[in-house]
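K.L.:
Sharing a structure with you now.
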Amino acid sequence: MSSDTKFVMPPEWHRHSATQLHWPSNRRTWPGERLERVEEVYCKIIEDLHFYEPIQLFVESLELRNRVMQKLSLRAVELDRIIIHQQKINDIWARDCGPIFVKKGEEYVITDWGYNAWGEKYPPWENDNYLPEFIATKYDLKRVIPDMILEGGSIDVNGAGALLTTESVLLNKNRNPQLSKRDIEERLNKFLGADQVIWLKKGLAGDDTDGHIDDITRWLNEDTVLTMVCEDKNDVNNEALEENLEILRNVKLKNGKALNIETLPLPKTKIEGTTVDGSEYVPASYANFYIANGVVLVPIYDKRYDDEALTLFRRYFPGRKVIGIYCADLVWGQGSIHCITQQWYGI
C-alpha cells in the first residue's frame with residue numbers, strides 16, 4: 001500500500017459488511033409510551049434489513065438484551081444475523097457517533113471524528129463518542145483521529161470526490177470554533193477524499209442537529225442528488241429549501257457536468273403538541289433513506305407523497321428492493337432511518 005494513497009469514503013451504495021444500530025433506551029428521548037412505540041419501528045427495520053446484511057446491534061444492558069431477543073423472536077428474524085454488543089450507549093443516533101469507514105488502497109480504516117451531541121445539547125455523550133474506538137479495538141482495525149467534531153449525518157458523499165454538507169452545521173461555532181472553513185475543507189479532503197465540498201445553507205425546522213444534510217439533500221448516484229422542496233410556499237421550510245435548490249442548480253461537478261437534480265415534496269412536519277425539546281416541528285423527510293445491500297429503506301409519513309417517493313427510489317435503485325417504513329414514531333425523536341444506521345465495511 002502506497003503511503004500517499006488517499007483515504008476515500010465509499011458512497012452508501014458500496015457493498016456493506018454490516019449495519020450498526022443502537023436499541024432505544026434513553027428515557028429522556030423516549031418518555032412514557034414513546035419508548036415502546038419506537039421499539040416497534042426498530043423491530044420492523046431489523047426484520048426488513050437483516051435479510052440483506054448482518055446487523056451489529058448495541059444494547060445498554062443484559063436486561064435490555066433479553067428484552068430485545070424476546071421481541072425479535074416474535075418476528076420473522078434470523079437471530080444468528082443479529083450480532084449483539086452489550087455496551088454502554090447514550091442514545092440511538094449511530095449515524096452521528098458511529099465509525100465512519102474509509103478505504104486506503106485495499107484496506108478499510110475507521111475515522112474517529114469527535115462527537116459532542118450536536119454542540120453539547122444533550123449530555124452525557126461520552127459513551128457514544130467512545131464507540132469508534134471500541135469497534136476498532138474489538139475488530140482489530142486501524143483507527144485515525146482527524147481532531148474535529150463531525151457527525152455522519154452532516155455529510156453525504158458520491159464516491160467520486162464530491163461531498164454535500166450544510167454551513168449551519170459544519171461552520172457552527174458549537175462544533176469546531178477553532179477551525180476556519182478552509183481548515184474544515186482540508187480535513188474533509190484528507191480523511192474522506194472530498195476534493196469538492198458542496199455547501200448548502202441550512203436544514204429543516206425541528207432538526208436539533210442544526211440542519212443535517214441527510215434530511216434535505218442526498219446522492220442517488222455519482223451525478224444525481226435528491227433534494228426536498230415544499231409544495232406549500234408558506235411552509236416554514238420553504239425559504240431554506242428554495243435557497244438550497246438554487247445553489248444545487250449552479251453546481252458543476254469535477255467532470256464538468258451540471259448536477260442531475262431530483263426533487264420530492266417535503267411531507268408534513270408540524271406535529272400535534274411538541275417534541276421533548278419543545279419544537280412544534282420534526283425533520284420528517286424522504287431524504288433520510290438508507291441504502292443497504294439489495295435494499296433501500298425509505299421513511300414514509302404522508303399519504304399525499306409516499307407513493308411518489310417510493311416510485312422515485314425504485315427508478316434509481318432497480319437492483320434493490322425498496323421498502324417504505326412508517327416512521328412518525330421514530331422522527332418524533334428528531335431523526336429517522338438514516339440517522340439511526342451506520343454502514344460498516346471490511347469486517
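Every chain in the C-alpha cells takes a letter, A first, then B, and so on in the order presented; its residues are numbered from 1, and the ligands are numbered from 1 following the presented order.
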Using only C-alpha atoms, find each residue in range 190-263 of chain A having at least one atom no more than 12 Å away from range 178-185 of chain A; report its shortest atom-to-atom pair and that distance in Å (one decimal), rows by chain then rising number, as a Markdown table.
P.N.:
```
| residue | atom | partner | partner_atom | distance |
| --- | --- | --- | --- | --- |
| A:Lys190 | CA | A:Glu185 | CA | 8.6 |
| A:Phe191 | CA | A:Glu185 | CA | 10.1 |
| A:Leu192 | CA | A:Glu185 | CA | 10.1 |
| A:Gly193 | CA | A:Glu185 | CA | 10.3 |
| A:Ala194 | CA | A:Glu185 | CA | 8.0 |
| A:Asp195 | CA | A:Glu185 | CA | 8.2 |
| A:Gln196 | CA | A:Glu185 | CA | 8.6 |
| A:Val197 | CA | A:Glu185 | CA | 7.0 |
| A:Ile198 | CA | A:Glu185 | CA | 10.2 |
| A:Trp199 | CA | A:Glu185 | CA | 10.3 |
```
K.L.:
Write the residues of the preceding selection, restricted to N, CA, C and O atoms, as an mmCIF file, in the first residue's frame.
P.N.:
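Everything below was put into result_27.cif:
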```cif
data_model
loop_
_atom_site.group_PDB
_atom_site.id
_atom_site.type_symbol
_atom_site.label_atom_id
_atom_site.label_comp_id
_atom_site.auth_asym_id
_atom_site.auth_seq_id
_atom_site.Cartn_x
_atom_site.Cartn_y
_atom_site.Cartn_z
ATOM 1 N N LYS A 190 -8.621 15.385 3.314
ATOM 2 C CA LYS A 190 -7.574 14.478 3.800
ATOM 3 C C LYS A 190 -8.132 13.155 4.297
ATOM 4 O O LYS A 190 -7.567 12.086 4.006
ATOM 5 N N PHE A 191 -9.240 13.198 5.050
ATOM 6 C CA PHE A 191 -9.714 11.981 5.722
ATOM 7 C C PHE A 191 -10.904 11.308 5.033
ATOM 8 O O PHE A 191 -11.180 10.146 5.312
ATOM 9 N N LEU A 192 -11.593 12.017 4.132
ATOM 10 C CA LEU A 192 -12.740 11.416 3.443
ATOM 11 C C LEU A 192 -12.580 11.401 1.928
ATOM 12 O O LEU A 192 -13.433 10.847 1.223
ATOM 13 N N GLY A 193 -11.508 12.011 1.432
ATOM 14 C CA GLY A 193 -11.290 12.039 -0.015
ATOM 15 C C GLY A 193 -12.177 13.040 -0.739
ATOM 16 O O GLY A 193 -12.407 12.908 -1.943
ATOM 17 N N ALA A 194 -12.671 14.051 -0.022
ATOM 18 C CA ALA A 194 -13.583 15.024 -0.611
ATOM 19 C C ALA A 194 -12.796 16.187 -1.201
ATOM 20 O O ALA A 194 -12.331 17.059 -0.471
ATOM 21 N N ASP A 195 -12.620 16.190 -2.529
ATOM 22 C CA ASP A 195 -11.922 17.316 -3.139
ATOM 23 C C ASP A 195 -12.892 18.327 -3.744
ATOM 24 O O ASP A 195 -12.462 19.305 -4.353
ATOM 25 N N GLN A 196 -14.193 18.101 -3.570
ATOM 26 C CA GLN A 196 -15.207 19.101 -3.919
ATOM 27 C C GLN A 196 -16.258 19.106 -2.816
ATOM 28 O O GLN A 196 -16.982 18.127 -2.641
ATOM 29 N N VAL A 197 -16.331 20.187 -2.049
ATOM 30 C CA VAL A 197 -17.320 20.306 -0.986
ATOM 31 C C VAL A 197 -18.440 21.232 -1.468
ATOM 32 O O VAL A 197 -18.179 22.383 -1.824
ATOM 33 N N ILE A 198 -19.657 20.699 -1.497
ATOM 34 C CA ILE A 198 -20.828 21.472 -1.917
ATOM 35 C C ILE A 198 -21.552 21.935 -0.659
ATOM 36 O O ILE A 198 -22.118 21.131 0.078
ATOM 37 N N TRP A 199 -21.498 23.248 -0.431
ATOM 38 C CA TRP A 199 -22.040 23.824 0.800
ATOM 39 C C TRP A 199 -23.464 24.310 0.567
ATOM 40 O O TRP A 199 -23.677 25.283 -0.157
#
```
K.L.:
If I take CA of Lys142 in chain A and CA of Tyr130 in chain A, how far is one from the other in Å, to one decimal?
P.N.:
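So the answer is 15.1 Å.
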K.L.:
Please report the interatomic distance between CA of Trp93 in chain A and CA of Gln56 in chain A in Å with one decimal.
P.N.:
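CA of Trp93 in chain A sits 13.7 Å away from CA of Gln56 in chain A.
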K.L.:
Where in range 96-226 of chain A does DSSP assign alpha helix (DSSP H), given as a PyMOL selection string?
P.N.:
chain A and resi 96-97+117-120+126-138+167-170+181-192
K.L.:
List every residue of range 39-120 of chain A that DSSP, applied to the backbone, labels as strand (DSSP E), and write the result as a ChimeraX atom specification.
P.N.:
/A:55-59,82-86,100-104,107-111
K.L.:
Residues at most 7 Å from Glu47 in chain A, counting only C-alpha atoms, excluding those fewer than 3 positions away in the same chain, as a PDB file with C-alpha atoms, in the first residue's frame?
P.N.:
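out.pdb, written as the output of this step:
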```
ATOM      1  CA  CYS A  43     -38.382  -4.321  15.101  1.00  0.00           C
ATOM      2  CA  LYS A  44     -39.733  -3.527  11.629  1.00  0.00           C
ATOM      3  CA  HIS A  50     -31.325  -8.260   8.357  1.00  0.00           C
ATOM      4  CA  ARG A  75     -40.761 -11.610  14.348  1.00  0.00           C
ATOM      5  CA  ALA A  76     -39.506 -13.227  11.160  1.00  0.00           C
ATOM      6  CA  VAL A  77     -35.936 -12.601  12.275  1.00  0.00           C
TER       7      VAL A  77
END
```
K.L.:
Using only C-alpha atoms, which of A:Pro318, A:Pro31, A:Pro24, A:Gly346 sits nearest Ala136 in chain A?
P.N.:
A:Gly346
K.L.:
In Å to one decimal, how far is CA of Gly152 in chain A from CA of Leu131 in chain A?
P.N.:
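For CA of Leu131 in chain A relative to CA of Gly152 in chain A, the distance reads 13.4 Å.
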K.L.:
Please identify all polymer residues within 7 Å of Gly203 in chain A, counting only C-alpha atoms, omitting same-chain residues fewer than 2 positions from it, and present them as a CSV table (one decimal) with N, CA and C atoms, in the first residue's frame.
P.N.:
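Result file around_11.csv:
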```
chain,number,residue,atom,x,y,z
A,205,ALA,N,-36.6,23.0,9.9
A,205,ALA,CA,-37.2,23.3,11.2
A,205,ALA,C,-37.4,22.1,12.1
A,210,ASP,N,-29.0,21.2,14.1
A,210,ASP,CA,-28.7,22.5,13.4
A,210,ASP,C,-28.8,22.4,11.9
A,211,GLY,N,-29.2,21.3,11.4
A,211,GLY,CA,-29.5,21.2,10.0
A,211,GLY,C,-28.7,20.2,9.2
A,212,HIS,N,-28.8,18.9,9.6
A,212,HIS,CA,-28.0,17.9,8.9
A,212,HIS,C,-28.5,17.7,7.4
A,213,ILE,N,-27.5,17.5,6.6
A,213,ILE,CA,-27.7,17.3,5.1
A,213,ILE,C,-28.6,16.1,4.9
A,216,ILE,N,-32.2,16.7,4.0
A,216,ILE,CA,-32.6,17.7,2.9
A,216,ILE,C,-32.1,17.3,1.5
A,240,ALA,N,-35.7,28.1,3.1
A,240,ALA,CA,-34.4,27.4,3.2
A,240,ALA,C,-34.2,26.4,2.0
```
